[in-house]
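Chemist: This is data-v7.cif, which holds mmCIF, C-alpha atoms; chains and numbers go by the auth columns:
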```cif
data_target
#
loop_
_atom_site.group_PDB
_atom_site.id
_atom_site.type_symbol
_atom_site.label_atom_id
_atom_site.label_comp_id
_atom_site.label_asym_id
_atom_site.label_seq_id
_atom_site.Cartn_x
_atom_site.Cartn_y
_atom_site.Cartn_z
_atom_site.B_iso_or_equiv
_atom_site.auth_seq_id
_atom_site.auth_asym_id
ATOM 1 C CA PHE A 1 0.000 0.000 0.000 0.00 1 A
ATOM 2 C CA SER A 2 1.375 3.388 -0.924 0.00 2 A
ATOM 3 C CA THR A 3 -0.616 6.447 0.031 0.00 3 A
ATOM 4 C CA HIS A 4 2.129 8.592 -1.516 0.00 4 A
ATOM 5 C CA ASP A 5 1.873 6.896 -4.964 0.00 5 A
ATOM 6 C CA LYS A 6 -1.899 6.279 -4.562 0.00 6 A
ATOM 7 C CA ARG A 7 -1.358 2.599 -5.375 0.00 7 A
ATOM 8 C CA ILE A 8 -2.341 -0.752 -3.870 0.00 8 A
ATOM 9 C CA THR A 9 -0.481 -3.858 -5.042 0.00 9 A
ATOM 10 C CA VAL A 10 -1.118 -7.463 -4.047 0.00 10 A
ATOM 11 C CA LYS A 11 1.314 -10.154 -5.257 0.00 11 A
ATOM 12 C CA THR A 12 1.532 -13.884 -4.797 0.00 12 A
ATOM 13 C CA ASN A 13 4.692 -15.906 -5.216 0.00 13 A
ATOM 14 C CA LYS A 14 5.679 -19.423 -6.232 0.00 14 A
ATOM 15 C CA SER A 15 7.833 -20.290 -3.221 0.00 15 A
ATOM 16 C CA ASP A 16 5.792 -23.409 -2.403 0.00 16 A
ATOM 17 C CA GLY A 17 5.752 -24.800 -5.960 0.00 17 A
ATOM 18 C CA GLU A 18 2.698 -22.919 -7.284 0.00 18 A
ATOM 19 C CA LYS A 19 2.484 -22.971 -11.098 0.00 19 A
ATOM 20 C CA TRP A 20 1.575 -19.295 -11.414 0.00 20 A
ATOM 21 C CA ALA A 21 2.113 -16.061 -9.565 0.00 21 A
ATOM 22 C CA TYR A 22 -0.455 -13.268 -9.667 0.00 22 A
ATOM 23 C CA THR A 23 -0.313 -9.502 -9.314 0.00 23 A
ATOM 24 C CA MET A 24 -3.257 -7.203 -8.764 0.00 24 A
ATOM 25 C CA GLN A 25 -2.682 -3.473 -8.763 0.00 25 A
ATOM 26 C CA LEU A 26 -5.051 -0.549 -8.272 0.00 26 A
ATOM 27 C CA ASP A 27 -3.516 2.775 -9.245 0.00 27 A
ATOM 28 C CA VAL A 28 -6.045 5.456 -8.357 0.00 28 A
ATOM 29 C CA LYS A 29 -3.671 8.240 -9.401 0.00 29 A
ATOM 30 C CA THR A 30 -3.661 7.098 -13.058 0.00 30 A
ATOM 31 C CA GLY A 31 -7.069 5.374 -13.009 0.00 31 A
ATOM 32 C CA ASN A 32 -5.586 2.010 -13.861 0.00 32 A
ATOM 33 C CA MET A 33 -6.421 -1.487 -12.570 0.00 33 A
ATOM 34 C CA VAL A 34 -4.433 -4.550 -13.630 0.00 34 A
ATOM 35 C CA PHE A 35 -4.788 -8.228 -12.783 0.00 35 A
ATOM 36 C CA ALA A 36 -2.027 -10.381 -14.308 0.00 36 A
ATOM 37 C CA ASP A 37 -0.234 -13.664 -13.953 0.00 37 A
ATOM 38 C CA ASP A 38 3.479 -14.251 -14.439 0.00 38 A
ATOM 39 C CA THR A 39 2.980 -15.822 -17.903 0.00 39 A
ATOM 40 C CA GLY A 40 1.606 -12.681 -19.580 0.00 40 A
ATOM 41 C CA MET A 41 -2.155 -13.175 -19.109 0.00 41 A
ATOM 42 C CA PHE A 42 -3.828 -9.949 -17.995 0.00 42 A
ATOM 43 C CA VAL A 43 -7.002 -7.931 -17.515 0.00 43 A
ATOM 44 C CA GLN A 44 -6.574 -4.159 -17.490 0.00 44 A
ATOM 45 C CA VAL A 45 -9.090 -1.365 -16.916 0.00 45 A
ATOM 46 C CA ASN A 46 -8.055 2.220 -17.611 0.00 46 A
ATOM 47 C CA SER A 47 -10.673 4.734 -16.495 0.00 47 A
ATOM 48 C CA GLU A 48 -9.003 7.753 -18.117 0.00 48 A
ATOM 49 C CA ASP A 49 -8.792 6.092 -21.569 0.00 49 A
ATOM 50 C CA GLU A 50 -12.192 4.386 -21.130 0.00 50 A
ATOM 51 C CA SER A 51 -10.521 1.104 -22.051 0.00 51 A
ATOM 52 C CA ILE A 52 -10.661 -2.539 -21.061 0.00 52 A
ATOM 53 C CA GLU A 53 -8.083 -5.046 -22.327 0.00 53 A
ATOM 54 C CA LEU A 54 -7.808 -8.824 -22.020 0.00 54 A
ATOM 55 C CA GLY A 55 -4.599 -10.515 -23.116 0.00 55 A
ATOM 56 C CA THR A 56 -3.318 -14.076 -23.255 0.00 56 A
ATOM 57 C CA THR A 57 0.156 -15.514 -22.958 0.00 57 A
ATOM 58 C CA SER A 58 -0.068 -16.514 -26.644 0.00 58 A
ATOM 59 C CA GLY A 59 -0.688 -12.905 -27.706 0.00 59 A
ATOM 60 C CA GLY A 60 -4.480 -12.927 -28.173 0.00 60 A
ATOM 61 C CA LEU A 61 -5.964 -9.530 -27.360 0.00 61 A
ATOM 62 C CA VAL A 62 -9.471 -8.193 -26.815 0.00 62 A
ATOM 63 C CA LYS A 63 -9.602 -4.431 -26.449 0.00 63 A
ATOM 64 C CA LEU A 64 -12.567 -2.119 -25.926 0.00 64 A
ATOM 65 C CA VAL A 65 -11.758 1.601 -26.107 0.00 65 A
ATOM 66 C CA LYS A 66 -14.816 3.794 -25.704 0.00 66 A
ATOM 67 C CA LYS A 67 -17.016 2.370 -28.499 0.00 67 A
ATOM 68 C CA ILE A 68 -14.364 0.535 -30.546 0.00 68 A
ATOM 69 C CA LEU A 69 -13.897 -3.223 -30.060 0.00 69 A
ATOM 70 C CA THR A 70 -10.701 -4.812 -31.399 0.00 70 A
ATOM 71 C CA LEU A 71 -9.967 -8.535 -31.492 0.00 71 A
ATOM 72 C CA ASP A 72 -6.331 -9.148 -32.365 0.00 72 A
ATOM 73 C CA ASN A 73 -3.974 -12.077 -32.952 0.00 73 A
ATOM 74 C CA LEU A 74 -6.756 -14.660 -32.906 0.00 74 A
ATOM 75 C CA ASP A 75 -6.381 -18.065 -34.543 0.00 75 A
ATOM 76 C CA GLU A 76 -10.146 -18.498 -34.668 0.00 76 A
ATOM 77 C CA PHE A 77 -13.297 -16.532 -33.851 0.00 77 A
ATOM 78 C CA ILE A 78 -16.363 -18.575 -32.891 0.00 78 A
ATOM 79 C CA VAL A 79 -19.906 -17.372 -32.274 0.00 79 A
ATOM 80 C CA ASN A 80 -22.513 -19.906 -31.178 0.00 80 A
ATOM 81 C CA SER A 81 -26.038 -18.556 -30.981 0.00 81 A
ATOM 82 C CA LYS A 82 -29.609 -19.597 -31.706 0.00 82 A
ATOM 83 C CA LYS A 83 -30.280 -16.199 -33.230 0.00 83 A
ATOM 84 C CA GLY A 84 -28.174 -13.232 -34.219 0.00 84 A
ATOM 85 C CA SER A 85 -28.218 -9.890 -35.916 0.00 85 A
ATOM 86 C CA PHE A 86 -25.519 -7.693 -37.405 0.00 86 A
ATOM 87 C CA ASN A 87 -26.545 -4.084 -37.957 0.00 87 A
ATOM 88 C CA ILE A 88 -23.440 -2.581 -39.501 0.00 88 A
ATOM 89 C CA ASP A 89 -23.529 0.438 -41.804 0.00 89 A
ATOM 90 C CA ASN A 90 -20.231 -0.328 -43.583 0.00 90 A
ATOM 91 C CA THR A 91 -18.239 -3.558 -43.578 0.00 91 A
ATOM 92 C CA GLU A 92 -15.059 -4.787 -45.210 0.00 92 A
ATOM 93 C CA TRP A 93 -14.199 -8.481 -45.508 0.00 93 A
ATOM 94 C CA LYS A 94 -10.665 -9.634 -46.301 0.00 94 A
ATOM 95 C CA GLY A 95 -9.653 -13.221 -46.909 0.00 95 A
ATOM 96 C CA SER A 96 -12.000 -16.108 -47.527 0.00 96 A
ATOM 97 C CA VAL A 97 -15.614 -16.104 -46.410 0.00 97 A
ATOM 98 C CA ASN A 98 -17.285 -19.508 -46.358 0.00 98 A
ATOM 99 C CA TYR A 99 -21.040 -19.848 -45.976 0.00 99 A
ATOM 100 C CA SER A 100 -22.605 -23.184 -45.235 0.00 100 A
ATOM 101 C CA ALA A 101 -26.052 -24.623 -44.577 0.00 101 A
ATOM 102 C CA GLY A 102 -28.965 -22.295 -44.645 0.00 102 A
ATOM 103 C CA THR A 103 -30.568 -19.648 -46.750 0.00 103 A
ATOM 104 C CA TYR A 104 -29.103 -16.188 -47.002 0.00 104 A
ATOM 105 C CA THR A 105 -31.313 -13.293 -48.013 0.00 105 A
ATOM 106 C CA TYR A 106 -29.812 -9.966 -48.991 0.00 106 A
ATOM 107 C CA ASN A 107 -31.999 -6.881 -49.124 0.00 107 A
ATOM 108 C CA GLY A 108 -30.375 -4.114 -51.053 0.00 108 A
ATOM 109 C CA LYS A 109 -27.338 -4.129 -53.313 0.00 109 A
ATOM 110 C CA ALA A 110 -24.204 -6.255 -53.052 0.00 110 A
ATOM 111 C CA THR A 111 -21.075 -5.135 -54.896 0.00 111 A
ATOM 112 C CA PHE A 112 -18.228 -7.585 -55.442 0.00 112 A
ATOM 113 C CA LYS A 113 -14.841 -6.357 -56.617 0.00 113 A
ATOM 114 C CA SER A 114 -13.523 -9.807 -57.472 0.00 114 A
ATOM 115 C CA GLY A 115 -14.809 -13.182 -58.586 0.00 115 A
ATOM 116 C CA ILE A 116 -17.916 -14.878 -57.255 0.00 116 A
ATOM 117 C CA PHE A 117 -17.905 -18.663 -57.298 0.00 117 A
ATOM 118 C CA ASP A 118 -20.446 -21.466 -56.890 0.00 118 A
ATOM 119 C CA ASN A 119 -18.945 -24.947 -56.548 0.00 119 A
ATOM 120 C CA ASN A 120 -15.609 -23.527 -57.717 0.00 120 A
ATOM 121 C CA LYS A 121 -17.209 -22.158 -60.925 0.00 121 A
ATOM 122 C CA SER A 122 -17.186 -18.454 -61.602 0.00 122 A
ATOM 123 C CA ILE A 123 -20.621 -16.837 -61.562 0.00 123 A
ATOM 124 C CA GLY A 124 -19.404 -13.248 -61.284 0.00 124 A
ATOM 125 C CA ILE A 125 -18.289 -10.603 -63.755 0.00 125 A
ATOM 126 C CA ASP A 126 -15.506 -12.823 -65.068 0.00 126 A
ATOM 127 C CA HIS A 127 -18.028 -15.606 -65.817 0.00 127 A
ATOM 128 C CA GLN A 128 -17.937 -16.512 -69.515 0.00 128 A
ATOM 129 C CA HIS A 129 -19.511 -19.034 -71.898 0.00 129 A
ATOM 130 C CA SER A 130 -17.944 -20.287 -75.086 0.00 130 A
ATOM 131 C CA ASN A 131 -19.796 -19.711 -78.380 0.00 131 A
ATOM 132 C CA VAL A 132 -21.708 -16.703 -77.049 0.00 132 A
ATOM 133 C CA ARG A 133 -21.896 -13.585 -79.202 0.00 133 A
ATOM 134 C CA ASN A 134 -22.536 -10.084 -78.001 0.00 134 A
ATOM 135 C CA GLY A 135 -26.110 -8.969 -78.482 0.00 135 A
ATOM 136 C CA ASP A 136 -27.834 -5.719 -77.746 0.00 136 A
ATOM 137 C CA SER A 137 -28.075 -4.700 -74.115 0.00 137 A
ATOM 138 C CA ASN A 138 -31.275 -6.721 -73.676 0.00 138 A
ATOM 139 C CA SER A 139 -30.539 -9.946 -75.504 0.00 139 A
ATOM 140 C CA GLY A 140 -27.068 -11.347 -75.070 0.00 140 A
ATOM 141 C CA GLY A 141 -28.221 -14.091 -77.447 0.00 141 A
ATOM 142 C CA VAL A 142 -26.447 -17.345 -78.112 0.00 142 A
ATOM 143 C CA ALA A 143 -24.575 -17.711 -81.445 0.00 143 A
#
```
Let me see the file written as structure tokens.

Modeler:
Amino acid sequence: FSTHDKRITVKTNKSDGEKWAYTMQLDVKTGNMVFADDTGMFVQVNSEDESIELGTTSGGLVKLVKKILTLDNLDEFIVNSKKGSFNIDNTEWKGSVNYSAGTYTYNGKATFKSGIFDNNKSIGIDHQHSNVRNGDSNSGGVA
């Protein structure tokens, strides 16, 4: 306990063969609370920054700063729910997106900047048939 530094720290040790040691610190001067083990796992609350962080020894990180949620260094992200809803004004997907089982209904317009595939066959803008001639803008008739 330090009234001068405005800090309370509680630590455990591993002198009796414990696998982990823990530290909990409340720093009321900086508005910071940390609970951590000696392997790098931690939970941190920072009142001044309006942030909460969770970190793992392997480097996984969950961070909430005001209204921004960041998930970082994850090998996998799993959501299990009977029902769900995403109400997002703007989204950006990078990498592969795999949909399975179910019906997907899109209301509005979807714009794809690269190929669209069904069973590994292109059905997007780069989709072509052999022996097809150009027709007027309405026909696209077959030669």

Chemist: Kindly indicate which residue among A:Asp89, A:Glu18, A:Asp27, A:Asp72 lies nearest to Thr3 in chain A, using all atoms listed in the file for the distances.

Modeler: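 Once distances to Thr3 in chain A are computed over all atoms listed in the file, the minimum belongs to A:Asp27.
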
Chemist: Rounded to one decimal, what separation in Å do you get between CA of Leu64 in chain A and CA of Ile78 in chain A?

Modeler: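 Calculated distance between CA of Leu64 in chain A and CA of Ile78 in chain A is 18.3 Å.
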
Chemist: Using all atoms listed in the file, can you tell me which of A:Gly31, A:Gly108, A:Gly17, A:Gly60 comes closest to Asn46 in chain A?

Modeler: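 Nearest candidate to Asn46 in chain A out of A:Gly31, A:Gly108, A:Gly17, A:Gly60: A:Gly31.
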
Chemist: What's the separation between CA of Lys67 in chain A and CA of Ala36 in chain A, in Å to one decimal place?

Modeler: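 Computing the Euclidean distance for CA of Lys67 in chain A and CA of Ala36 in chain A yields 24.3 Å.
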
Chemist: Please write as a list in words the full residue list that the PyMOL selection byres ((chain A and resi 53) around 7) yields on this file.

Modeler: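 For this structure, the PyMOL selection byres ((chain A and resi 53) around 7) captures Val43, Gln44, Val45, Ser51, Ile52, Leu54, Gly55, Val62, Lys63 and Leu64 of chain A.
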
Chemist: Extract, using only C-alpha atoms, all DNA, RNA and protein residues at most 9 Å from Thr23 in chain A, discarding same-chain residues fewer than 6 positions from it, and format them as an MDAnalysis selection string.

Modeler: chainID A and resid 9:12 34:38

Chemist: What gap, in Å, lies between CA of Leu74 in chain A and CA of Glu92 in chain A?

Modeler: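 Distance reported for this atom pair: 17.8 Å.
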
Chemist: On this file, the PyMOL selection byres ((chain A and resi 28) around 9) gives some set of residues; write that set as a PyMOL selection string.

Modeler: chain A and resi 5-8+26-27+29-33

Chemist: Given the choices A:Leu71, A:Ile116, A:Met41, A:Val65, which gets closest to Ala21 in chain A if the distance is worked out from only C-alpha atoms?

Modeler: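 Comparing A:Leu71, A:Ile116, A:Met41, A:Val65 against Ala21 in chain A, the winner is A:Met41.
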
Chemist: Taking only C-alpha atoms, show chain A of the given structure as a PDB file, in the first residue's frame.

Modeler:
```pdb
ATOM      1  CA  PHE A   1       0.000   0.000   0.000  1.00  0.00           C
ATOM      2  CA  SER A   2       1.375   3.388  -0.924  1.00  0.00           C
ATOM      3  CA  THR A   3      -0.616   6.447   0.031  1.00  0.00           C
ATOM      4  CA  HIS A   4       2.129   8.592  -1.516  1.00  0.00           C
ATOM      5  CA  ASP A   5       1.873   6.896  -4.964  1.00  0.00           C
ATOM      6  CA  LYS A   6      -1.899   6.279  -4.562  1.00  0.00           C
ATOM      7  CA  ARG A   7      -1.358   2.599  -5.375  1.00  0.00           C
ATOM      8  CA  ILE A   8      -2.341  -0.752  -3.870  1.00  0.00           C
ATOM      9  CA  THR A   9      -0.481  -3.858  -5.042  1.00  0.00           C
ATOM     10  CA  VAL A  10      -1.118  -7.463  -4.047  1.00  0.00           C
ATOM     11  CA  LYS A  11       1.314 -10.154  -5.257  1.00  0.00           C
ATOM     12  CA  THR A  12       1.532 -13.884  -4.797  1.00  0.00           C
ATOM     13  CA  ASN A  13       4.692 -15.906  -5.216  1.00  0.00           C
ATOM     14  CA  LYS A  14       5.679 -19.423  -6.232  1.00  0.00           C
ATOM     15  CA  SER A  15       7.833 -20.290  -3.221  1.00  0.00           C
ATOM     16  CA  ASP A  16       5.792 -23.409  -2.403  1.00  0.00           C
ATOM     17  CA  GLY A  17       5.752 -24.800  -5.960  1.00  0.00           C
ATOM     18  CA  GLU A  18       2.698 -22.919  -7.284  1.00  0.00           C
ATOM     19  CA  LYS A  19       2.484 -22.971 -11.098  1.00  0.00           C
ATOM     20  CA  TRP A  20       1.575 -19.295 -11.414  1.00  0.00           C
ATOM     21  CA  ALA A  21       2.113 -16.061  -9.565  1.00  0.00           C
ATOM     22  CA  TYR A  22      -0.455 -13.268  -9.667  1.00  0.00           C
ATOM     23  CA  THR A  23      -0.313  -9.502  -9.314  1.00  0.00           C
ATOM     24  CA  MET A  24      -3.257  -7.203  -8.764  1.00  0.00           C
ATOM     25  CA  GLN A  25      -2.682  -3.473  -8.763  1.00  0.00           C
ATOM     26  CA  LEU A  26      -5.051  -0.549  -8.272  1.00  0.00           C
ATOM     27  CA  ASP A  27      -3.516   2.775  -9.245  1.00  0.00           C
ATOM     28  CA  VAL A  28      -6.045   5.456  -8.357  1.00  0.00           C
ATOM     29  CA  LYS A  29      -3.671   8.240  -9.401  1.00  0.00           C
ATOM     30  CA  THR A  30      -3.661   7.098 -13.058  1.00  0.00           C
ATOM     31  CA  GLY A  31      -7.069   5.374 -13.009  1.00  0.00           C
ATOM     32  CA  ASN A  32      -5.586   2.010 -13.861  1.00  0.00           C
ATOM     33  CA  MET A  33      -6.421  -1.487 -12.570  1.00  0.00           C
ATOM     34  CA  VAL A  34      -4.433  -4.550 -13.630  1.00  0.00           C
ATOM     35  CA  PHE A  35      -4.788  -8.228 -12.783  1.00  0.00           C
ATOM     36  CA  ALA A  36      -2.027 -10.381 -14.308  1.00  0.00           C
ATOM     37  CA  ASP A  37      -0.234 -13.664 -13.953  1.00  0.00           C
ATOM     38  CA  ASP A  38       3.479 -14.251 -14.439  1.00  0.00           C
ATOM     39  CA  THR A  39       2.980 -15.822 -17.903  1.00  0.00           C
ATOM     40  CA  GLY A  40       1.606 -12.681 -19.580  1.00  0.00           C
ATOM     41  CA  MET A  41      -2.155 -13.175 -19.109  1.00  0.00           C
ATOM     42  CA  PHE A  42      -3.828  -9.949 -17.995  1.00  0.00           C
ATOM     43  CA  VAL A  43      -7.002  -7.931 -17.515  1.00  0.00           C
ATOM     44  CA  GLN A  44      -6.574  -4.159 -17.490  1.00  0.00           C
ATOM     45  CA  VAL A  45      -9.090  -1.365 -16.916  1.00  0.00           C
ATOM     46  CA  ASN A  46      -8.055   2.220 -17.611  1.00  0.00           C
ATOM     47  CA  SER A  47     -10.673   4.734 -16.495  1.00  0.00           C
ATOM     48  CA  GLU A  48      -9.003   7.753 -18.117  1.00  0.00           C
ATOM     49  CA  ASP A  49      -8.792   6.092 -21.569  1.00  0.00           C
ATOM     50  CA  GLU A  50     -12.192   4.386 -21.130  1.00  0.00           C
ATOM     51  CA  SER A  51     -10.521   1.104 -22.051  1.00  0.00           C
ATOM     52  CA  ILE A  52     -10.661  -2.539 -21.061  1.00  0.00           C
ATOM     53  CA  GLU A  53      -8.083  -5.046 -22.327  1.00  0.00           C
ATOM     54  CA  LEU A  54      -7.808  -8.824 -22.020  1.00  0.00           C
ATOM     55  CA  GLY A  55      -4.599 -10.515 -23.116  1.00  0.00           C
ATOM     56  CA  THR A  56      -3.318 -14.076 -23.255  1.00  0.00           C
ATOM     57  CA  THR A  57       0.156 -15.514 -22.958  1.00  0.00           C
ATOM     58  CA  SER A  58      -0.068 -16.514 -26.644  1.00  0.00           C
ATOM     59  CA  GLY A  59      -0.688 -12.905 -27.706  1.00  0.00           C
ATOM     60  CA  GLY A  60      -4.480 -12.927 -28.173  1.00  0.00           C
ATOM     61  CA  LEU A  61      -5.964  -9.530 -27.360  1.00  0.00           C
ATOM     62  CA  VAL A  62      -9.471  -8.193 -26.815  1.00  0.00           C
ATOM     63  CA  LYS A  63      -9.602  -4.431 -26.449  1.00  0.00           C
ATOM     64  CA  LEU A  64     -12.567  -2.119 -25.926  1.00  0.00           C
ATOM     65  CA  VAL A  65     -11.758   1.601 -26.107  1.00  0.00           C
ATOM     66  CA  LYS A  66     -14.816   3.794 -25.704  1.00  0.00           C
ATOM     67  CA  LYS A  67     -17.016   2.370 -28.499  1.00  0.00           C
ATOM     68  CA  ILE A  68     -14.364   0.535 -30.546  1.00  0.00           C
ATOM     69  CA  LEU A  69     -13.897  -3.223 -30.060  1.00  0.00           C
ATOM     70  CA  THR A  70     -10.701  -4.812 -31.399  1.00  0.00           C
ATOM     71  CA  LEU A  71      -9.967  -8.535 -31.492  1.00  0.00           C
ATOM     72  CA  ASP A  72      -6.331  -9.148 -32.365  1.00  0.00           C
ATOM     73  CA  ASN A  73      -3.974 -12.077 -32.952  1.00  0.00           C
ATOM     74  CA  LEU A  74      -6.756 -14.660 -32.906  1.00  0.00           C
ATOM     75  CA  ASP A  75      -6.381 -18.065 -34.543  1.00  0.00           C
ATOM     76  CA  GLU A  76     -10.146 -18.498 -34.668  1.00  0.00           C
ATOM     77  CA  PHE A  77     -13.297 -16.532 -33.851  1.00  0.00           C
ATOM     78  CA  ILE A  78     -16.363 -18.575 -32.891  1.00  0.00           C
ATOM     79  CA  VAL A  79     -19.906 -17.372 -32.274  1.00  0.00           C
ATOM     80  CA  ASN A  80     -22.513 -19.906 -31.178  1.00  0.00           C
ATOM     81  CA  SER A  81     -26.038 -18.556 -30.981  1.00  0.00           C
ATOM     82  CA  LYS A  82     -29.609 -19.597 -31.706  1.00  0.00           C
ATOM     83  CA  LYS A  83     -30.280 -16.199 -33.230  1.00  0.00           C
ATOM     84  CA  GLY A  84     -28.174 -13.232 -34.219  1.00  0.00           C
ATOM     85  CA  SER A  85     -28.218  -9.890 -35.916  1.00  0.00           C
ATOM     86  CA  PHE A  86     -25.519  -7.693 -37.405  1.00  0.00           C
ATOM     87  CA  ASN A  87     -26.545  -4.084 -37.957  1.00  0.00           C
ATOM     88  CA  ILE A  88     -23.440  -2.581 -39.501  1.00  0.00           C
ATOM     89  CA  ASP A  89     -23.529   0.438 -41.804  1.00  0.00           C
ATOM     90  CA  ASN A  90     -20.231  -0.328 -43.583  1.00  0.00           C
ATOM     91  CA  THR A  91     -18.239  -3.558 -43.578  1.00  0.00           C
ATOM     92  CA  GLU A  92     -15.059  -4.787 -45.210  1.00  0.00           C
ATOM     93  CA  TRP A  93     -14.199  -8.481 -45.508  1.00  0.00           C
ATOM     94  CA  LYS A  94     -10.665  -9.634 -46.301  1.00  0.00           C
ATOM     95  CA  GLY A  95      -9.653 -13.221 -46.909  1.00  0.00           C
ATOM     96  CA  SER A  96     -12.000 -16.108 -47.527  1.00  0.00           C
ATOM     97  CA  VAL A  97     -15.614 -16.104 -46.410  1.00  0.00           C
ATOM     98  CA  ASN A  98     -17.285 -19.508 -46.358  1.00  0.00           C
ATOM     99  CA  TYR A  99     -21.040 -19.848 -45.976  1.00  0.00           C
ATOM    100  CA  SER A 100     -22.605 -23.184 -45.235  1.00  0.00           C
ATOM    101  CA  ALA A 101     -26.052 -24.623 -44.577  1.00  0.00           C
ATOM    102  CA  GLY A 102     -28.965 -22.295 -44.645  1.00  0.00           C
ATOM    103  CA  THR A 103     -30.568 -19.648 -46.750  1.00  0.00           C
ATOM    104  CA  TYR A 104     -29.103 -16.188 -47.002  1.00  0.00           C
ATOM    105  CA  THR A 105     -31.313 -13.293 -48.013  1.00  0.00           C
ATOM    106  CA  TYR A 106     -29.812  -9.966 -48.991  1.00  0.00           C
ATOM    107  CA  ASN A 107     -31.999  -6.881 -49.124  1.00  0.00           C
ATOM    108  CA  GLY A 108     -30.375  -4.114 -51.053  1.00  0.00           C
ATOM    109  CA  LYS A 109     -27.338  -4.129 -53.313  1.00  0.00           C
ATOM    110  CA  ALA A 110     -24.204  -6.255 -53.052  1.00  0.00           C
ATOM    111  CA  THR A 111     -21.075  -5.135 -54.896  1.00  0.00           C
ATOM    112  CA  PHE A 112     -18.228  -7.585 -55.442  1.00  0.00           C
ATOM    113  CA  LYS A 113     -14.841  -6.357 -56.617  1.00  0.00           C
ATOM    114  CA  SER A 114     -13.523  -9.807 -57.472  1.00  0.00           C
ATOM    115  CA  GLY A 115     -14.809 -13.182 -58.586  1.00  0.00           C
ATOM    116  CA  ILE A 116     -17.916 -14.878 -57.255  1.00  0.00           C
ATOM    117  CA  PHE A 117     -17.905 -18.663 -57.298  1.00  0.00           C
ATOM    118  CA  ASP A 118     -20.446 -21.466 -56.890  1.00  0.00           C
ATOM    119  CA  ASN A 119     -18.945 -24.947 -56.548  1.00  0.00           C
ATOM    120  CA  ASN A 120     -15.609 -23.527 -57.717  1.00  0.00           C
ATOM    121  CA  LYS A 121     -17.209 -22.158 -60.925  1.00  0.00           C
ATOM    122  CA  SER A 122     -17.186 -18.454 -61.602  1.00  0.00           C
ATOM    123  CA  ILE A 123     -20.621 -16.837 -61.562  1.00  0.00           C
ATOM    124  CA  GLY A 124     -19.404 -13.248 -61.284  1.00  0.00           C
ATOM    125  CA  ILE A 125     -18.289 -10.603 -63.755  1.00  0.00           C
ATOM    126  CA  ASP A 126     -15.506 -12.823 -65.068  1.00  0.00           C
ATOM    127  CA  HIS A 127     -18.028 -15.606 -65.817  1.00  0.00           C
ATOM    128  CA  GLN A 128     -17.937 -16.512 -69.515  1.00  0.00           C
ATOM    129  CA  HIS A 129     -19.511 -19.034 -71.898  1.00  0.00           C
ATOM    130  CA  SER A 130     -17.944 -20.287 -75.086  1.00  0.00           C
ATOM    131  CA  ASN A 131     -19.796 -19.711 -78.380  1.00  0.00           C
ATOM    132  CA  VAL A 132     -21.708 -16.703 -77.049  1.00  0.00           C
ATOM    133  CA  ARG A 133     -21.896 -13.585 -79.202  1.00  0.00           C
ATOM    134  CA  ASN A 134     -22.536 -10.084 -78.001  1.00  0.00           C
ATOM    135  CA  GLY A 135     -26.110  -8.969 -78.482  1.00  0.00           C
ATOM    136  CA  ASP A 136     -27.834  -5.719 -77.746  1.00  0.00           C
ATOM    137  CA  SER A 137     -28.075  -4.700 -74.115  1.00  0.00           C
ATOM    138  CA  ASN A 138     -31.275  -6.721 -73.676  1.00  0.00           C
ATOM    139  CA  SER A 139     -30.539  -9.946 -75.504  1.00  0.00           C
ATOM    140  CA  GLY A 140     -27.068 -11.347 -75.070  1.00  0.00           C
ATOM    141  CA  GLY A 141     -28.221 -14.091 -77.447  1.00  0.00           C
ATOM    142  CA  VAL A 142     -26.447 -17.345 -78.112  1.00  0.00           C
ATOM    143  CA  ALA A 143     -24.575 -17.711 -81.445  1.00  0.00           C
TER     144      ALA A 143
END
```
